[in-house]
>>> print(open('query-v4.txt').read())   # compact mmCIF, C-alpha atoms
# COMPACT_ATOMS: atom_id res chain seq x y z
CA MET A 253 -5.59 19.80 -10.24
CA LYS A 254 -9.31 20.45 -10.27
CA ASN A 255 -11.27 21.36 -7.15
CA MET A 256 -13.91 18.82 -6.22
CA THR A 257 -17.40 20.29 -6.36
CA VAL A 258 -19.24 18.26 -3.73
CA LYS A 259 -19.95 20.15 -0.51
CA GLY A 260 -17.98 18.87 2.44
CA TRP A 261 -14.94 17.68 0.45
CA GLY A 262 -12.58 19.88 2.47
CA LEU A 263 -13.77 18.32 5.72
CA ALA A 264 -13.39 14.86 4.25
CA ILE A 265 -9.81 15.53 3.23
CA ALA A 266 -8.96 16.75 6.71
CA MET A 267 -10.33 13.53 8.15
CA LEU A 268 -8.54 11.36 5.64
CA LEU A 269 -5.23 12.97 6.50
CA ALA A 270 -5.81 12.13 10.15
CA LEU A 271 -6.54 8.46 9.50
CA PRO A 272 -3.70 5.95 9.70
CA VAL A 273 -3.76 3.54 6.78
CA ILE A 274 -4.31 0.56 9.04
CA SER A 275 -7.11 -1.35 7.39
CA ILE A 276 -5.25 -1.78 4.13
CA ALA A 277 -2.22 -3.24 5.88
CA GLN A 278 -4.32 -5.59 7.96
CA GLY A 279 -4.67 -8.98 6.35
CA MET A 280 -1.43 -8.61 4.42
CA GLY A 281 0.44 -10.47 7.12
CA GLN A 282 4.18 -10.31 6.71
CA GLN A 283 4.39 -11.89 3.28
CA GLN A 284 7.41 -9.85 2.24
CA GLY A 285 10.39 -11.78 0.94
CA MET A 286 8.42 -14.88 0.03
CA GLY A 287 11.39 -17.19 -0.37
CA ASN A 288 12.45 -16.52 -3.96
CA GLY A 289 16.15 -17.13 -3.61
CA SER A 290 17.12 -13.50 -3.14
CA GLY A 291 14.57 -13.22 -0.34
CA GLN A 292 12.81 -10.31 -2.02
CA MET A 293 9.33 -10.48 -3.39
CA GLY A 294 9.95 -6.84 -4.24
CA THR A 295 12.60 -7.55 -6.85
CA PRO A 296 11.24 -7.33 -10.42
CA PRO A 297 10.80 -10.86 -11.79
CA ASN A 298 12.58 -12.52 -14.68
CA GLN A 299 15.07 -9.72 -14.99
CA ALA A 300 18.03 -10.58 -17.17
CA GLN A 301 21.30 -10.50 -15.29
CA PRO A 302 24.38 -8.89 -16.81
CA ALA A 303 27.09 -11.26 -17.97
CA GLN A 304 29.82 -11.85 -15.43
CA GLN A 305 33.05 -10.25 -16.57
CA THR A 306 35.08 -11.77 -13.75
CA PRO A 307 34.50 -14.84 -11.60
CA PRO A 308 32.30 -13.94 -8.64
CA SER A 309 34.00 -13.81 -5.27
CA ALA A 310 33.13 -16.41 -2.72
CA ALA A 311 30.04 -15.57 -0.70
CA PRO A 312 30.78 -14.64 2.90
CA ALA A 313 30.08 -17.28 5.49
CA MET A 314 26.58 -17.04 6.93
CA ASP A 315 26.15 -15.89 10.50
CA ALA A 316 24.04 -18.55 12.20
CA LYS A 317 22.55 -16.09 14.69
CA GLU A 318 21.67 -13.67 11.89
CA GLU A 319 20.01 -16.38 9.82
CA ASP A 320 18.03 -17.64 12.80
CA ALA A 321 16.85 -14.11 13.63
CA TYR A 322 15.86 -13.49 10.02
CA LYS A 323 13.96 -16.78 9.75
CA LYS A 324 12.09 -15.96 12.94
CA LEU A 325 11.13 -12.50 11.70
CA SER A 326 10.12 -13.60 8.21
CA SER A 327 7.88 -16.35 9.63
CA MET A 328 5.83 -13.99 11.82
CA GLN A 329 2.88 -13.78 9.41
CA THR A 330 0.25 -13.99 12.14
CA ALA A 331 2.11 -12.18 14.92
CA LYS A 332 0.94 -8.89 16.38
CA PRO A 333 2.59 -5.91 14.63
CA GLU A 334 4.10 -4.77 17.92
CA GLU A 335 5.94 -8.08 18.19
CA VAL A 336 7.10 -7.83 14.58
CA ILE A 337 8.41 -4.34 15.29
CA ARG A 338 10.37 -5.49 18.35
CA ASN A 339 12.02 -8.30 16.43
CA GLY A 340 12.63 -6.18 13.34
CA GLU A 341 14.21 -3.32 15.27
CA ALA A 342 16.36 -5.78 17.19
CA PHE A 343 17.53 -7.31 13.91
CA THR A 344 18.59 -3.97 12.40
CA LYS A 345 20.60 -3.13 15.53
CA ALA A 346 22.25 -6.55 15.79
CA PHE A 347 23.01 -6.95 12.08
CA PRO A 348 23.38 -3.45 10.53
CA LYS A 349 25.19 -4.81 7.45
CA SER A 350 22.94 -7.79 6.80
CA ASN A 351 22.02 -8.75 3.26
CA HIS A 352 18.47 -9.20 4.56
CA LEU A 353 17.94 -5.54 5.43
CA GLU A 354 15.81 -4.83 2.36
CA THR A 355 13.23 -7.37 3.47
CA VAL A 356 13.48 -6.41 7.14
CA TYR A 357 12.93 -2.73 6.31
CA SER A 358 9.84 -3.58 4.25
CA ILE A 359 8.45 -5.76 7.04
CA LEU A 360 8.96 -2.92 9.51
CA ALA A 361 7.28 -0.40 7.20
CA SER A 362 4.18 -2.59 6.98
CA ALA A 363 4.13 -3.27 10.73
CA TYR A 364 4.43 0.41 11.59
CA MET A 365 1.59 1.12 9.15
CA GLN A 366 -0.60 -1.32 11.07
CA VAL A 367 0.02 0.45 14.39
CA GLY A 368 -0.46 3.91 12.85
CA ASP A 369 3.12 5.13 13.40
CA GLU A 370 3.54 7.35 10.34
CA ASN A 371 7.06 8.55 11.11
CA ASN A 372 8.56 5.08 11.29
CA MET A 373 6.36 3.81 8.46
CA PHE A 374 7.78 6.44 6.13
CA LYS A 375 11.29 5.97 7.55
CA TYR A 376 11.40 2.26 6.74
CA GLY A 377 9.50 2.67 3.48
CA ARG A 378 12.18 5.09 2.30
CA LEU A 379 14.98 2.84 3.54
CA THR A 380 13.46 -0.09 1.63
CA LEU A 381 13.43 1.89 -1.61
CA GLN A 382 16.94 3.19 -1.00
CA VAL A 383 18.18 -0.40 -0.99
CA ASN A 384 15.99 -1.43 -3.93
CA PRO A 385 13.89 1.22 -5.75
CA ASN A 386 11.77 -1.57 -7.26
CA ASN A 387 10.86 -3.41 -4.07
CA VAL A 388 7.10 -3.87 -4.40
CA ASP A 389 6.57 -4.04 -0.65
CA GLY A 390 8.13 -0.61 -0.21
CA LEU A 391 6.39 0.76 -3.30
CA ALA A 392 2.99 -0.41 -2.06
CA VAL A 393 3.38 1.12 1.40
CA MET A 394 4.81 4.40 0.13
CA SER A 395 2.19 4.73 -2.63
CA VAL A 396 -0.88 4.52 -0.43
CA ALA A 397 0.68 6.27 2.59
CA THR A 398 1.89 9.23 0.56
CA ALA A 399 -1.45 9.52 -1.27
CA ARG A 400 -3.24 9.72 2.07
CA LYS A 401 -1.01 12.68 3.00
CA ILE A 402 -1.89 14.76 -0.07
CA ASP A 403 -3.65 18.03 0.73
CA PRO A 404 -5.22 19.25 -2.55
CA ASP A 405 -5.42 22.79 -1.16
CA ASN A 406 -1.61 22.92 -0.85
CA ARG A 407 -0.92 22.85 -4.56
CA PRO A 408 2.92 22.82 -4.80
CA ASP A 409 3.27 20.04 -2.25
CA ALA A 410 0.29 18.15 -3.68
CA VAL A 411 1.67 18.20 -7.22
CA ALA A 412 5.01 16.81 -6.03
CA LYS A 413 3.34 14.04 -4.04
CA GLU A 414 0.97 13.17 -6.89
CA LYS A 415 3.88 12.78 -9.30
CA GLN A 416 5.75 10.58 -6.86
CA VAL A 417 2.73 8.38 -6.11
CA GLU A 418 1.98 7.92 -9.80
CA ASP A 419 5.57 6.78 -10.39
CA TRP A 420 5.67 4.43 -7.40
CA SER A 421 2.24 2.90 -7.96
CA GLY A 422 2.79 2.49 -11.70
CA ARG A 423 6.05 0.59 -11.18
CA CYS A 424 4.50 -1.44 -8.38
CA ILE A 425 1.50 -2.52 -10.45
CA THR A 426 3.65 -3.42 -13.46
CA SER A 427 6.02 -5.54 -11.36
CA LEU A 428 3.25 -7.30 -9.41
CA GLN A 429 1.25 -8.15 -12.51
CA SER A 430 4.22 -10.03 -13.98
CA LEU A 431 5.49 -11.54 -10.74
CA THR A 432 6.12 -15.27 -10.70
CA LYS A 433 5.27 -17.35 -7.65
CA PRO A 434 8.34 -18.22 -5.58
CA GLU A 435 9.03 -21.86 -4.77
CA GLY A 436 7.61 -23.09 -1.52
CA VAL A 437 4.73 -20.60 -1.43
CA SER A 438 1.17 -21.83 -1.89
CA ASP A 439 -1.01 -20.41 -4.65
CA ALA A 440 -3.43 -18.99 -2.06
CA ASP A 441 -0.72 -17.26 -0.01
CA PHE A 442 0.91 -15.86 -3.12
CA ALA A 443 -2.38 -14.51 -4.50
CA ARG A 444 -3.34 -13.00 -1.14
CA SER A 445 -0.02 -11.22 -0.75
CA ARG A 446 0.10 -10.03 -4.36
CA ASP A 447 -3.49 -8.80 -4.34
CA GLY A 448 -3.02 -6.97 -1.04
CA LYS A 449 -0.08 -5.06 -2.45
CA LEU A 450 -1.87 -4.39 -5.75
CA ALA A 451 -4.82 -2.98 -3.80
CA MET A 452 -2.53 -0.56 -1.99
CA CYS A 453 -0.97 0.62 -5.26
CA TYR A 454 -4.34 1.05 -6.99
CA SER A 455 -5.63 2.89 -3.92
CA GLY A 456 -2.75 5.37 -3.98
CA LEU A 457 -3.03 5.85 -7.73
CA GLY A 458 -6.82 6.20 -7.61
CA GLN A 459 -6.74 8.87 -4.92
CA THR A 460 -4.06 10.78 -6.81
CA VAL A 461 -5.92 10.90 -10.13
CA LEU A 462 -9.13 11.76 -8.25
CA PHE A 463 -7.45 14.87 -6.83
CA GLU A 464 -6.26 15.69 -10.35
CA GLY A 465 -9.86 15.60 -11.58
CA LYS A 466 -9.37 12.52 -13.76
CA LEU A 467 -12.66 11.02 -12.68
CA GLY A 468 -12.88 8.11 -15.12
CA GLU A 469 -9.39 6.92 -14.21
CA ALA A 470 -10.14 7.36 -10.51
CA VAL A 471 -13.29 5.23 -10.77
CA LYS A 472 -11.36 2.50 -12.58
CA ASP A 473 -8.41 2.44 -10.14
CA LEU A 474 -10.46 2.69 -6.95
CA THR A 475 -12.89 0.02 -8.17
CA LYS A 476 -9.90 -2.25 -8.76
CA ALA A 477 -8.54 -1.48 -5.28
CA THR A 478 -11.81 -2.31 -3.51
CA GLN A 479 -12.23 -5.50 -5.54
CA LEU A 480 -8.72 -6.66 -4.64
CA GLU A 481 -9.40 -5.96 -0.97
CA GLY A 482 -11.96 -8.75 -0.98
CA SER A 483 -14.97 -9.04 1.29
CA THR A 484 -13.96 -6.15 3.58
CA PRO A 485 -12.77 -3.25 1.42
CA ASP A 486 -10.98 -0.37 3.09
CA PRO A 487 -13.64 2.21 4.11
CA VAL A 488 -11.49 5.12 2.95
CA ASP A 489 -11.22 3.52 -0.49
CA LEU A 490 -14.99 3.03 -0.56
CA TYR A 491 -15.46 6.70 0.33
CA LEU A 492 -12.99 7.82 -2.35
CA LEU A 493 -14.66 5.55 -4.91
CA GLY A 494 -18.04 6.99 -3.98
CA MET A 495 -16.70 10.53 -4.41
CA ALA A 496 -15.22 9.67 -7.80
CA LEU A 497 -18.53 8.15 -8.95
CA LEU A 498 -20.52 11.05 -7.52
CA ASN A 499 -18.44 13.66 -9.31
CA ASN A 500 -18.57 11.54 -12.48
CA LYS A 501 -22.40 11.67 -12.24
CA GLN A 502 -22.68 7.92 -11.71
CA TYR A 503 -25.17 8.40 -8.90
CA PRO A 504 -26.59 4.87 -8.37
CA GLU A 505 -23.07 3.43 -8.30
CA ALA A 506 -21.99 6.12 -5.85
CA VAL A 507 -24.88 5.25 -3.54
CA THR A 508 -23.78 1.59 -3.60
CA ALA A 509 -20.20 2.49 -2.68
CA PHE A 510 -21.29 4.73 0.19
CA GLN A 511 -23.74 2.09 1.45
CA GLN A 512 -20.92 -0.43 1.65
CA CYS A 513 -18.77 2.11 3.49
CA VAL A 514 -21.53 2.74 6.04
CA LYS A 515 -21.65 -0.97 6.87
CA ASP A 516 -17.97 -1.07 7.80
CA THR A 517 -17.14 -1.81 11.43
CA ASP A 518 -14.66 1.08 11.49
CA GLN A 519 -17.06 3.89 12.37
CA ARG A 520 -14.72 6.78 11.58
CA MET A 521 -15.80 7.03 7.95
CA VAL A 522 -19.52 6.37 8.54
CA PRO A 523 -20.67 10.01 9.02
CA LEU A 524 -18.92 11.14 5.85
CA CYS A 525 -20.27 8.24 3.83
CA GLN A 526 -23.80 8.79 5.14
CA GLU A 527 -23.67 12.47 4.19
CA GLN A 528 -22.41 11.81 0.68
CA MET A 529 -24.82 8.91 0.19
CA GLY A 530 -27.62 11.41 0.83
CA ASN A 531 -26.11 13.79 -1.72
CA ALA A 532 -25.84 11.01 -4.30
CA LYS A 533 -29.49 10.03 -3.80
CA LYS A 534 -30.65 13.64 -4.20
CA MET A 535 -28.53 14.23 -7.32
CA GLY A 536 -29.70 10.96 -8.85
CA LYS A 537 -33.39 11.91 -8.76
>>> encode(input="query-v4.txt", output="structure tokens")
Amino acid sequence: MKNMTVKGWGLAIAMLLALPVISIAQGMGQQQGMGNGSGQMGTPPNQAQPAQQTPPSAAPAMDAKEEDAYKKLSSMQTAKPEEVIRNGEAFTKAFPKSNHLETVYSILASAYMQVGDENNMFKYGRLTLQVNPNNVDGLAVMSVATARKIDPDNRPDAVAKEKQVEDWSGRCITSLQSLTKPEGVSDADFARSRDGKLAMCYSGLGQTVLFEGKLGEAVKDLTKATQLEGSTPDPVDLYLLGMALLNNKQYPEAVTAFQQCVKDTDQRMVPLCQEQMGNAKKMGK
């Protein structure tokens, strides 16, 4: 891991660690489990199933109350995250052995991310991946959230987190890029959900390789993340992209990234972006 050379990087890291990853989760809605039979968007697509050696046992009878509660939760795309959390927590308590828990855990992880509750965000992100290590919803949340907790000055812990994020984000990106649209989901909704998750994975990967000093890779990944985030990129990603460009001596591009960050309505990143925009202008002369 290489130390970043721009003055003020240590302060920036301290601020990043204090920021909940809210803006990335906003706009994702609750598009987990987009109706693809198994109820899991996070399951890798087109995976060959092993041949049945014995006839499958009859599926257990559905619990009408459980199904109604699950349908209500999975349809709360526009609900406030606090309401999603109430319904999700109630579901896990009422139906602790439900086959829908993978999706419910991933919905809760995203909702807790939106309200800035790191403890529960990580709790349900881990539970999601315990049920299915390839659930893209869980991989996306855990990738970006863990990356934002990396302290490059704490090398042993940072190296472990970087390795984990690279694994999670790599698997997430591969699965999402080959994901097929589930039946009953519009092209626009599918693209929005997929791109939101891809942005989170590229964000986590980009921050990780930036801390490792792989500047070219960081520029590529963070550029992809901000592009996928659409018209309102996450200000932390814009800051990280600017830092990657600045350290890669791409000064005009760095100025552009910091300028976009400064325009963001979330004012927490503005002072840092203004300072580094000034540095980029000076270095580019």
>>> closest_residue(input="query-v4.txt", among="A:Leu353, A:Ala363, A:Met373, A:Leu457", to="Thr330 in chain A", atoms="only C-alpha atoms")
A:Ala363
>>> closest_residue(input="query-v4.txt", among="A:Ala321, A:Ala397, A:Asn406, A:Asp389", to="Arg423 in chain A", atoms="only C-alpha atoms")
A:Asp389
>>> closest_residue(input="query-v4.txt", among="A:Leu467, A:Val356, A:Cys453, A:Val437", to="Lys323 in chain A", atoms="all atoms listed in the file")
A:Val356
>>> closest_residue(input="query-v4.txt", among="A:Met535, A:Ala331, A:Ala412, A:Leu490", to="Asp516 in chain A", atoms="only C-alpha atoms")
A:Leu490
>>> atom_distance(input="query-v4.txt", atom1="CA of Asn339 in chain A", atom2="CA of Gly448 in chain A")
23.1 Å
>>> residues_near_point(input="query-v4.txt", point="(6.4, 0.8, -3.6)", cutoff="12 Å", atoms="only C-alpha atoms", output="number ranges by chain")
A: 293-296, 358, 361-362, 374, 376-382, 384-399, 416-428, 449-454, 456-457
>>> atom_distance(input="query-v4.txt", atom1="CA of Gln526 in chain A", atom2="CA of Ala410 in chain A")
27.3 Å
>>> residues_around(input="query-v4.txt", residues="Pro504 in chain A", least_positions_apart="2", cutoff="12 Å", atoms="all atoms listed in the file", output="list in words")
Gly494, Leu497, Leu498, Asn500, Lys501, Gln502, Ala506, Val507, Thr508, Ala509, Phe510, Gln511, Met529, Gly530, Asn531, Ala532, Lys533, Lys534, Met535, Gly536 and Lys537 of chain A
>>> decode(input="query-v4.txt", residues="range 348-389 of chain A", atoms="C-alpha atoms", output="PDB file, in the first residue's frame")
ATOM      1  CA  PRO A 348     -37.357 -16.908  11.416  1.00  0.00           C
ATOM      2  CA  LYS A 349     -37.207 -19.962   9.119  1.00  0.00           C
ATOM      3  CA  SER A 350     -38.644 -18.342   6.009  1.00  0.00           C
ATOM      4  CA  ASN A 351     -37.226 -19.162   2.597  1.00  0.00           C
ATOM      5  CA  HIS A 352     -37.387 -15.418   1.893  1.00  0.00           C
ATOM      6  CA  LEU A 353     -34.817 -14.456   4.520  1.00  0.00           C
ATOM      7  CA  GLU A 354     -32.020 -13.944   1.995  1.00  0.00           C
ATOM      8  CA  THR A 355     -33.978 -11.210   0.260  1.00  0.00           C
ATOM      9  CA  VAL A 356     -35.295  -9.735   3.508  1.00  0.00           C
ATOM     10  CA  TYR A 357     -31.770  -9.528   4.947  1.00  0.00           C
ATOM     11  CA  SER A 358     -30.518  -7.741   1.824  1.00  0.00           C
ATOM     12  CA  ILE A 359     -33.428  -5.285   1.933  1.00  0.00           C
ATOM     13  CA  LEU A 360     -32.655  -4.535   5.576  1.00  0.00           C
ATOM     14  CA  ALA A 361     -28.949  -4.029   4.848  1.00  0.00           C
ATOM     15  CA  SER A 362     -29.772  -1.427   2.195  1.00  0.00           C
ATOM     16  CA  ALA A 363     -32.359   0.311   4.390  1.00  0.00           C
ATOM     17  CA  TYR A 364     -29.982   0.535   7.336  1.00  0.00           C
ATOM     18  CA  MET A 365     -27.354   1.965   4.984  1.00  0.00           C
ATOM     19  CA  GLN A 366     -29.780   4.721   4.030  1.00  0.00           C
ATOM     20  CA  VAL A 367     -30.356   5.730   7.655  1.00  0.00           C
ATOM     21  CA  GLY A 368     -26.633   5.549   8.492  1.00  0.00           C
ATOM     22  CA  ASP A 369     -26.883   2.649  10.970  1.00  0.00           C
ATOM     23  CA  GLU A 370     -23.548   0.939  10.323  1.00  0.00           C
ATOM     24  CA  ASN A 371     -23.925  -1.805  12.924  1.00  0.00           C
ATOM     25  CA  ASN A 372     -27.166  -3.151  11.518  1.00  0.00           C
ATOM     26  CA  MET A 373     -26.061  -2.519   7.929  1.00  0.00           C
ATOM     27  CA  PHE A 374     -23.050  -4.781   8.430  1.00  0.00           C
ATOM     28  CA  LYS A 375     -25.113  -7.265  10.460  1.00  0.00           C
ATOM     29  CA  TYR A 376     -27.640  -7.827   7.693  1.00  0.00           C
ATOM     30  CA  GLY A 377     -25.043  -7.616   4.944  1.00  0.00           C
ATOM     31  CA  ARG A 378     -23.163 -10.476   6.587  1.00  0.00           C
ATOM     32  CA  LEU A 379     -26.353 -12.461   7.154  1.00  0.00           C
ATOM     33  CA  THR A 380     -27.244 -12.061   3.472  1.00  0.00           C
ATOM     34  CA  LEU A 381     -23.882 -13.453   2.382  1.00  0.00           C
ATOM     35  CA  GLN A 382     -24.088 -16.265   4.927  1.00  0.00           C
ATOM     36  CA  VAL A 383     -27.263 -17.458   3.233  1.00  0.00           C
ATOM     37  CA  ASN A 384     -25.907 -16.876  -0.278  1.00  0.00           C
ATOM     38  CA  PRO A 385     -22.262 -15.774  -0.749  1.00  0.00           C
ATOM     39  CA  ASN A 386     -23.106 -14.656  -4.296  1.00  0.00           C
ATOM     40  CA  ASN A 387     -26.082 -12.433  -3.515  1.00  0.00           C
ATOM     41  CA  VAL A 388     -25.300  -9.253  -5.447  1.00  0.00           C
ATOM     42  CA  ASP A 389     -27.359  -7.074  -3.128  1.00  0.00           C
TER      43      ASP A 389
END
